[in-house]
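Asks: Before I ask anything, here is the structure I am working with.
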Amino acid sequence: GLLPIPSILPPSPPPVQTTRERQRKSRRREEMAGAIAYEEQRRRQVEENKRKLEELKLHHLSAAVREAATPKPSPTKSLKRKRVPREAGEDTPIRRSGRVASLPEQPKYRFEDVFHVLEKKIRRGRRTTTSTRSDLINRVYATDKAREYATTMAEELQAKLGSGYPSFVKPMTQSHVTGGFWLGLPLPFCRKHLPKRDERLTLKDEQGVESETLYLALKNGLSAGWRGFAIQHNLVDGDCLVFELINRTTFKVYIIRQSSYYER
């Protein structure tokens, strides 16, 4: 008898992925990539918020107000005992009227002393608050005619530039030059000409003096550094600016004052 020859089967091919499985894996990869991008954006936003708080020094302001609002007992003055002459040979201590001789002398608190110390602390806290809000107190409110005149002059200046560089006109309001100091830029201009991510931009005035600002791509505006530029150039409500993008990250800025309406 002949022995049976065992059959040799070829190895089974790997399972073929269906279209649905490939789509599921592709969606999973996209979700993971989106989650990573979200976390990175969130981290950058947290860092930017911390930078804004440091710039505005709000934590110092709140600490100063809290300290001023919490009264503390005034330091007691060291009272000198009045020496009373004794007769020679007298060893017994002098009794104090209305007190037990064994008890230590109690300090005397005067309302005038305590009130004086508290008043100083409250005034100090008010001075700190006032110094950080001085820009709000010294606000300039432009009239409609002065605002319109500055905008018209800025548009005429933009038409006369003729440099071929992209530009836009931006009238100033209170939120741009006081308080928050946030400058939003035109959305179509940002999408067409400005970087797609956060980047440092340089503002160059008509005298060639440069200032560095932070451009936030998601919010389409200037944040850190804009406050310094606005204060340095004494910008007020009603002024109008012409921004000319002379290279990828540099604006040349022309300033039309609303006060020029009264100087005609």
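Residues are named by chain letter and number: chains run A, B, ... in the order of the structure tokens, numbers start at 1 in each chain, and ligands are numbered from 1 in the order shown.
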For region 147-225 of chain A versus region 35-59 of chain A, which residues have an atom no more than 10 Å away, and what is each residue's nearest atom pair and distance in Å rounded to one decimal, using only C-alpha atoms, chain-then-number order, as a tab-separated table?
Replies:
```
residue	atom	partner	partner_atom	distance
A:Gly179	CA	A:Leu56	CA	9.7
A:Gly180	CA	A:Leu56	CA	9.0
A:Asp198	CA	A:Arg44	CA	9.4
A:Leu214	CA	A:Glu48	CA	10.0
A:Leu216	CA	A:Glu48	CA	9.5
A:Leu218	CA	A:Gln41	CA	9.7
A:Ser223	CA	A:Lys52	CA	8.4
A:Ala224	CA	A:Lys52	CA	7.2
A:Gly225	CA	A:Glu55	CA	9.6
```
Asks: Can you pull out the residues contacting Leu222 (chain A)? Cut-off 7 Å, using only C-alpha atoms, and skip same-chain residues under 3 positions away; I want them as a VMD selection string.
Replies: chain A and resid 182 to 184 213 to 216 226
Asks: So that I can see what lies close to Glu244 (chain A), please list as a list in words the residues with an atom at most 8 Å from it, counting only C-alpha atoms and leaving out residues fewer than 4 positions away in the same chain.
Replies: Tyr165, Pro166, Ser167, Phe168, Phe251, Lys252 and Val253 of chain A
Asks: Could you tell me how far CA of Phe243 (chain A) lies from CA of Ala146 (chain A), in Å and to one decimal?
Replies: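 Rounded to one decimal, the two atoms are 20.1 Å apart.
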Asks: Between A:Leu245, A:Ala68, A:Glu263, A:Glu31, which has the minimum distance to Ser163 (chain A) (counting only C-alpha atoms)?
Replies: A:Leu245
Asks: Quick one: everything within 9 Å of Ser260 (chain A), counting only C-alpha atoms, minus sequence neighbours fewer than 3 positions away in the same chain. Send it as a VMD selection string.
Replies: chain A and resid 146 149 to 150 256 to 257 263 to 264
Asks: Please write the residues from the selection above to a file, keeping C-alpha atoms, as a compact mmCIF listing (two decimals), in the first residue's frame.
Replies:
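The result, stored in part05.txt:
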```
# COMPACT_ATOMS: atom_id res chain seq x y z
CA ALA A 146 -14.42 116.00 13.16
CA TYR A 149 -13.44 115.00 8.26
CA ALA A 150 -10.53 112.80 9.45
CA ILE A 256 -4.86 111.91 10.30
CA ARG A 257 -5.84 113.80 13.47
CA GLU A 263 -7.23 123.80 12.34
CA ARG A 264 -8.48 124.42 8.81
```
Asks: Near Ile231 (chain A), counting only C-alpha atoms, which residues have an atom at most 12 Å away, once you skip same-chain residues fewer than 5 positions from it, shown as number ranges by chain?
Replies: A: 134-135, 176-179, 181, 211, 225-226, 236
Asks: Would you mind reading off the distance between CA of Arg29 (chain A) and CA of Lys196 (chain A), one decimal, in Å?
Replies: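 Result for CA of Arg29 (chain A) versus CA of Lys196 (chain A): 23.5 Å, one decimal.
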Asks: Using only C-alpha atoms, pick whichever of A:Glu155, A:Thr250, A:Leu241, A:Arg227 has the shortest atom-to-atom distance to Gly208 (chain A).
Replies: A:Thr250
Asks: Tell me which of A:Lys145, A:Arg200, A:Arg191, A:Arg139 sits closest to Leu235 (chain A), counting only C-alpha atoms.
Replies: A:Arg139
